[in-house]
Amino acid sequence: MKTLLIILFLVLFLVCSLPIQGILWLYAKKNQEAADYISLRIVQWAFRVIQFLSGVKPKIKGLENIPKDRSVMFVGNHSSFFDVILTYPLMERRTGYISKKEFEKTPLLPIWMRRLYCLFLDRSSPKAGLKSILEAINYINSGISIFVFPEGTRSKDNTLGEFKAGAFKIATKPGCPIIPVAITGTRDVFEAHFPWVKKAPVQITFGEAIYPDALDADSKKHISEYTKSILEDMLREQRN
């Protein structure tokens, strides 16, 4: 029943929000930032409805670690579609997610994703991947945060996979803070018993900010491994 209600709500939202998209497009010509924040709050509301329908009530820690006055790069582990559904409502500032290119073919959904500064990463093309990274850097410099899952795919066994080092240029080039985000339990909400959605305990922890320019030369050179080790420690603590 949860799964059917969520699918029905999502379809209704995507279809019924089409006129809103037109209004926001016109309003953005007058005030882009205000239109962006309206879009952000609308989609956050939709994700909270999905969260309510799923019955999931995540435990949230560390929101105070997110800087209020600047854009950041969030780095999270990835094991479920619900990672995005549960983290996005927690974003106070405009935030785009790096998504795989396949989502660009989903009916109606990409309209909202592009409006919310999400980027579609083509992992088969290094040139296209570099273009996405450069766009993400421009977003950071424009005050828009970026959320990255540097494993590149969802983990099937809750272990932390290899981090794609190129993604960290999004933070090192503009020198923005990196916020590690440890997420546990989301796979048990959906992927563990696909296609059904079930209530499960979930915890999301935002770690202390990592400032690339404040690291020693070796740590900055290997910042993907450095961040991964911190995230591994956070996940280990959550699971114990």
# chains A, B, ... in the order shown; residues from 1 in each chain; ligands from 1
$ residues_around --residues "segment 9-18 of chain A" --least-positions-apart "3" --cutoff "7 Å" --atoms "only C-alpha atoms" --output "list in words"
Leu5, Ile6, Gln21, Gly22, Leu108 and Leu109 of chain A
$ write_last_selection --atoms "N, CA and C atoms" --output "PDB file, in the first residue's frame"
ATOM      1  N   LEU A   5       0.752   4.250  -2.901  1.00  0.00           N
ATOM      2  CA  LEU A   5       0.426   5.632  -2.530  1.00  0.00           C
ATOM      3  C   LEU A   5       1.538   6.586  -2.952  1.00  0.00           C
ATOM      4  N   ILE A   6       2.787   6.155  -2.766  1.00  0.00           N
ATOM      5  CA  ILE A   6       3.926   6.997  -3.142  1.00  0.00           C
ATOM      6  C   ILE A   6       3.970   7.194  -4.656  1.00  0.00           C
ATOM      7  N   GLN A  21       5.442  25.172 -12.959  1.00  0.00           N
ATOM      8  CA  GLN A  21       6.722  25.337 -13.649  1.00  0.00           C
ATOM      9  C   GLN A  21       6.686  26.544 -14.582  1.00  0.00           C
ATOM     10  N   GLY A  22       5.568  26.697 -15.291  1.00  0.00           N
ATOM     11  CA  GLY A  22       5.436  27.839 -16.191  1.00  0.00           C
ATOM     12  C   GLY A  22       5.460  29.163 -15.452  1.00  0.00           C
ATOM     13  N   LEU A 108       9.002  14.011 -17.097  1.00  0.00           N
ATOM     14  CA  LEU A 108       8.651  15.160 -16.251  1.00  0.00           C
ATOM     15  C   LEU A 108       9.659  15.451 -15.131  1.00  0.00           C
ATOM     16  N   LEU A 109      10.209  14.425 -14.504  1.00  0.00           N
ATOM     17  CA  LEU A 109      11.118  14.631 -13.372  1.00  0.00           C
ATOM     18  C   LEU A 109      12.308  15.538 -13.694  1.00  0.00           C
TER      19      LEU A 109
END
$ select_by_dssp --residues "segment 8-229 of chain A" --states "alpha helix (DSSP H)" --output "MDAnalysis selection string"
chainID A and resid 8:16 18:28 32:54 82:87 109:115 126:141 169:172 217:221 223:229
$ write_last_selection --atoms "C-alpha atoms" --output "PDB file, in the first residue's frame"
ATOM      1  CA  LEU A   8       0.308   7.816  -7.136  1.00  0.00           C
ATOM      2  CA  PHE A   9       1.411  10.943  -5.264  1.00  0.00           C
ATOM      3  CA  LEU A  10       4.583  11.284  -7.337  1.00  0.00           C
ATOM      4  CA  VAL A  11       2.704  11.016 -10.638  1.00  0.00           C
ATOM      5  CA  LEU A  12       0.057  13.512  -9.498  1.00  0.00           C
ATOM      6  CA  PHE A  13       2.715  15.923  -8.268  1.00  0.00           C
ATOM      7  CA  LEU A  14       4.723  15.813 -11.504  1.00  0.00           C
ATOM      8  CA  VAL A  15       1.624  16.301 -13.668  1.00  0.00           C
ATOM      9  CA  CYS A  16      -0.192  18.886 -11.529  1.00  0.00           C
ATOM     10  CA  LEU A  18       3.452  21.608 -14.706  1.00  0.00           C
ATOM     11  CA  PRO A  19       1.510  24.916 -14.572  1.00  0.00           C
ATOM     12  CA  ILE A  20       3.619  25.915 -11.549  1.00  0.00           C
ATOM     13  CA  GLN A  21       6.722  25.337 -13.649  1.00  0.00           C
ATOM     14  CA  GLY A  22       5.436  27.839 -16.191  1.00  0.00           C
ATOM     15  CA  ILE A  23       4.745  30.436 -13.508  1.00  0.00           C
ATOM     16  CA  LEU A  24       8.176  29.907 -11.959  1.00  0.00           C
ATOM     17  CA  TRP A  25       9.816  30.253 -15.374  1.00  0.00           C
ATOM     18  CA  LEU A  26       8.177  33.649 -15.835  1.00  0.00           C
ATOM     19  CA  TYR A  27       8.913  34.748 -12.265  1.00  0.00           C
ATOM     20  CA  ALA A  28      12.571  33.758 -12.635  1.00  0.00           C
ATOM     21  CA  GLN A  32      15.852  34.215 -10.255  1.00  0.00           C
ATOM     22  CA  GLU A  33      16.896  33.609  -6.649  1.00  0.00           C
ATOM     23  CA  ALA A  34      13.361  33.973  -5.285  1.00  0.00           C
ATOM     24  CA  ALA A  35      12.056  31.555  -7.940  1.00  0.00           C
ATOM     25  CA  ASP A  36      14.830  29.132  -6.995  1.00  0.00           C
ATOM     26  CA  TYR A  37      13.827  29.144  -3.339  1.00  0.00           C
ATOM     27  CA  ILE A  38      10.158  28.691  -4.169  1.00  0.00           C
ATOM     28  CA  SER A  39      11.122  25.662  -6.281  1.00  0.00           C
ATOM     29  CA  LEU A  40      13.275  24.346  -3.448  1.00  0.00           C
ATOM     30  CA  ARG A  41      10.454  24.584  -0.883  1.00  0.00           C
ATOM     31  CA  ILE A  42       7.895  22.998  -3.233  1.00  0.00           C
ATOM     32  CA  VAL A  43      10.051  19.939  -3.889  1.00  0.00           C
ATOM     33  CA  GLN A  44      11.026  19.707  -0.219  1.00  0.00           C
ATOM     34  CA  TRP A  45       7.306  19.606   0.618  1.00  0.00           C
ATOM     35  CA  ALA A  46       6.771  16.821  -1.946  1.00  0.00           C
ATOM     36  CA  PHE A  47       9.640  14.788  -0.499  1.00  0.00           C
ATOM     37  CA  ARG A  48       8.259  15.260   3.035  1.00  0.00           C
ATOM     38  CA  VAL A  49       4.940  13.855   1.824  1.00  0.00           C
ATOM     39  CA  ILE A  50       6.751  10.806   0.406  1.00  0.00           C
ATOM     40  CA  GLN A  51       8.629  10.482   3.682  1.00  0.00           C
ATOM     41  CA  PHE A  52       5.316  10.596   5.584  1.00  0.00           C
ATOM     42  CA  LEU A  53       3.745   7.995   3.292  1.00  0.00           C
ATOM     43  CA  SER A  54       6.746   5.701   3.775  1.00  0.00           C
ATOM     44  CA  PHE A  82      15.649   7.412  -0.414  1.00  0.00           C
ATOM     45  CA  ASP A  83      19.056   8.999   0.273  1.00  0.00           C
ATOM     46  CA  VAL A  84      17.940  11.963  -1.837  1.00  0.00           C
ATOM     47  CA  ILE A  85      14.316  11.932  -0.669  1.00  0.00           C
ATOM     48  CA  LEU A  86      15.380  12.142   2.991  1.00  0.00           C
ATOM     49  CA  THR A  87      18.346  14.536   2.698  1.00  0.00           C
ATOM     50  CA  LEU A 109      11.118  14.631 -13.372  1.00  0.00           C
ATOM     51  CA  PRO A 110      14.111  16.244 -15.160  1.00  0.00           C
ATOM     52  CA  ILE A 111      12.173  19.523 -15.429  1.00  0.00           C
ATOM     53  CA  TRP A 112      12.243  19.935 -11.652  1.00  0.00           C
ATOM     54  CA  MET A 113      15.777  18.548 -11.406  1.00  0.00           C
ATOM     55  CA  ARG A 114      17.207  21.112 -13.820  1.00  0.00           C
ATOM     56  CA  ARG A 115      15.335  23.921 -12.069  1.00  0.00           C
ATOM     57  CA  PRO A 126      35.182  11.787 -19.724  1.00  0.00           C
ATOM     58  CA  LYS A 127      34.567  14.996 -21.696  1.00  0.00           C
ATOM     59  CA  ALA A 128      30.935  15.176 -20.586  1.00  0.00           C
ATOM     60  CA  GLY A 129      31.961  14.315 -17.020  1.00  0.00           C
ATOM     61  CA  LEU A 130      34.448  17.197 -16.988  1.00  0.00           C
ATOM     62  CA  LYS A 131      31.754  19.539 -18.294  1.00  0.00           C
ATOM     63  CA  SER A 132      29.460  18.537 -15.415  1.00  0.00           C
ATOM     64  CA  ILE A 133      32.230  19.156 -12.881  1.00  0.00           C
ATOM     65  CA  LEU A 134      32.921  22.615 -14.342  1.00  0.00           C
ATOM     66  CA  GLU A 135      29.198  23.421 -14.179  1.00  0.00           C
ATOM     67  CA  ALA A 136      29.128  22.288 -10.545  1.00  0.00           C
ATOM     68  CA  ILE A 137      32.100  24.554  -9.766  1.00  0.00           C
ATOM     69  CA  ASN A 138      30.225  27.470 -11.346  1.00  0.00           C
ATOM     70  CA  TYR A 139      27.228  26.669  -9.155  1.00  0.00           C
ATOM     71  CA  ILE A 140      29.419  26.638  -6.035  1.00  0.00           C
ATOM     72  CA  ASN A 141      30.862  30.016  -7.024  1.00  0.00           C
ATOM     73  CA  LYS A 169      37.514  19.173  -7.829  1.00  0.00           C
ATOM     74  CA  ILE A 170      34.067  20.667  -7.193  1.00  0.00           C
ATOM     75  CA  ALA A 171      35.348  21.601  -3.735  1.00  0.00           C
ATOM     76  CA  THR A 172      39.103  22.026  -4.216  1.00  0.00           C
ATOM     77  CA  ALA A 217      49.644  19.112   1.249  1.00  0.00           C
ATOM     78  CA  ASP A 218      49.368  15.306   1.304  1.00  0.00           C
ATOM     79  CA  SER A 219      45.809  15.253   2.672  1.00  0.00           C
ATOM     80  CA  LYS A 220      44.685  17.810   0.098  1.00  0.00           C
ATOM     81  CA  LYS A 221      46.350  15.851  -2.705  1.00  0.00           C
ATOM     82  CA  ILE A 223      41.334  14.469  -0.438  1.00  0.00           C
ATOM     83  CA  SER A 224      38.998  11.776  -1.755  1.00  0.00           C
ATOM     84  CA  GLU A 225      40.680   9.130   0.441  1.00  0.00           C
ATOM     85  CA  TYR A 226      40.858  11.589   3.336  1.00  0.00           C
ATOM     86  CA  THR A 227      37.123  12.290   3.141  1.00  0.00           C
ATOM     87  CA  LYS A 228      36.297   8.623   2.656  1.00  0.00           C
ATOM     88  CA  SER A 229      38.156   7.668   5.847  1.00  0.00           C
TER      89      SER A 229
END
$ select_by_dssp --residues "segment 127-162 of chain A" --states "strand (DSSP E)" --output "number ranges by chain"
A: 145-148
$ closest_residue --among "A:Ala209, A:Cys176, A:Leu231, A:Ile66" --to "Gly161 of chain A" --atoms "only C-alpha atoms"
A:Leu231
$ residues_around --residues "segment 182-188 of chain A" --least-positions-apart "3" --cutoff "6 Å" --atoms "only C-alpha atoms" --output "PyMOL selection string"
chain A and resi 76+79-80+82+191-192+201-205+235
$ residues_around --residues "Thr95 of chain A" --least-positions-apart "3" --cutoff "8 Å" --atoms "only C-alpha atoms" --output "ChimeraX atom specification"
/A:91,116-118,144-147
$ atom_distance --atom1 "atom CA of Ile230 of chain A" --atom2 "atom CA of Lys68 of chain A"
22.0 Å
$ residues_around --residues "Gly175 of chain A" --least-positions-apart "4" --cutoff "8 Å" --atoms "only C-alpha atoms" --output "VMD selection string"
chain A and resid 171 211 to 213
$ residues_around --residues "Ser155 of chain A" --least-positions-apart "3" --cutoff "7 Å" --atoms "only C-alpha atoms" --output "compact mmCIF listing (two decimals) with N, CA and C atoms, in the first residue's frame"
# COMPACT_ATOMS: atom_id res chain seq x y z
N HIS A 78 26.00 6.17 -0.55
CA HIS A 78 24.78 6.01 -1.35
C HIS A 78 24.36 4.55 -1.42
N SER A 79 23.15 4.26 -0.92
CA SER A 79 22.65 2.89 -0.98
C SER A 79 21.18 2.81 -1.38
N ASN A 158 25.92 -2.19 1.74
CA ASN A 158 26.16 -1.19 2.79
C ASN A 158 27.64 -0.90 3.04
N THR A 159 28.52 -1.40 2.16
CA THR A 159 29.93 -1.04 2.29
C THR A 159 30.22 0.20 1.46
$ atom_distance --atom1 "atom CA of Arg70 of chain A" --atom2 "atom CA of Phe149 of chain A"
20.3 Å
$ residues_around --residues "Pro150 of chain A" --least-positions-apart "5" --cutoff "7 Å" --atoms "only C-alpha atoms" --output "list of chain:residue names"
A:Val75, A:Phe163, A:Lys164, A:Ala167
$ atom_distance --atom1 "atom CA of Tyr97 of chain A" --atom2 "atom CA of Ile210 of chain A"
19.0 Å
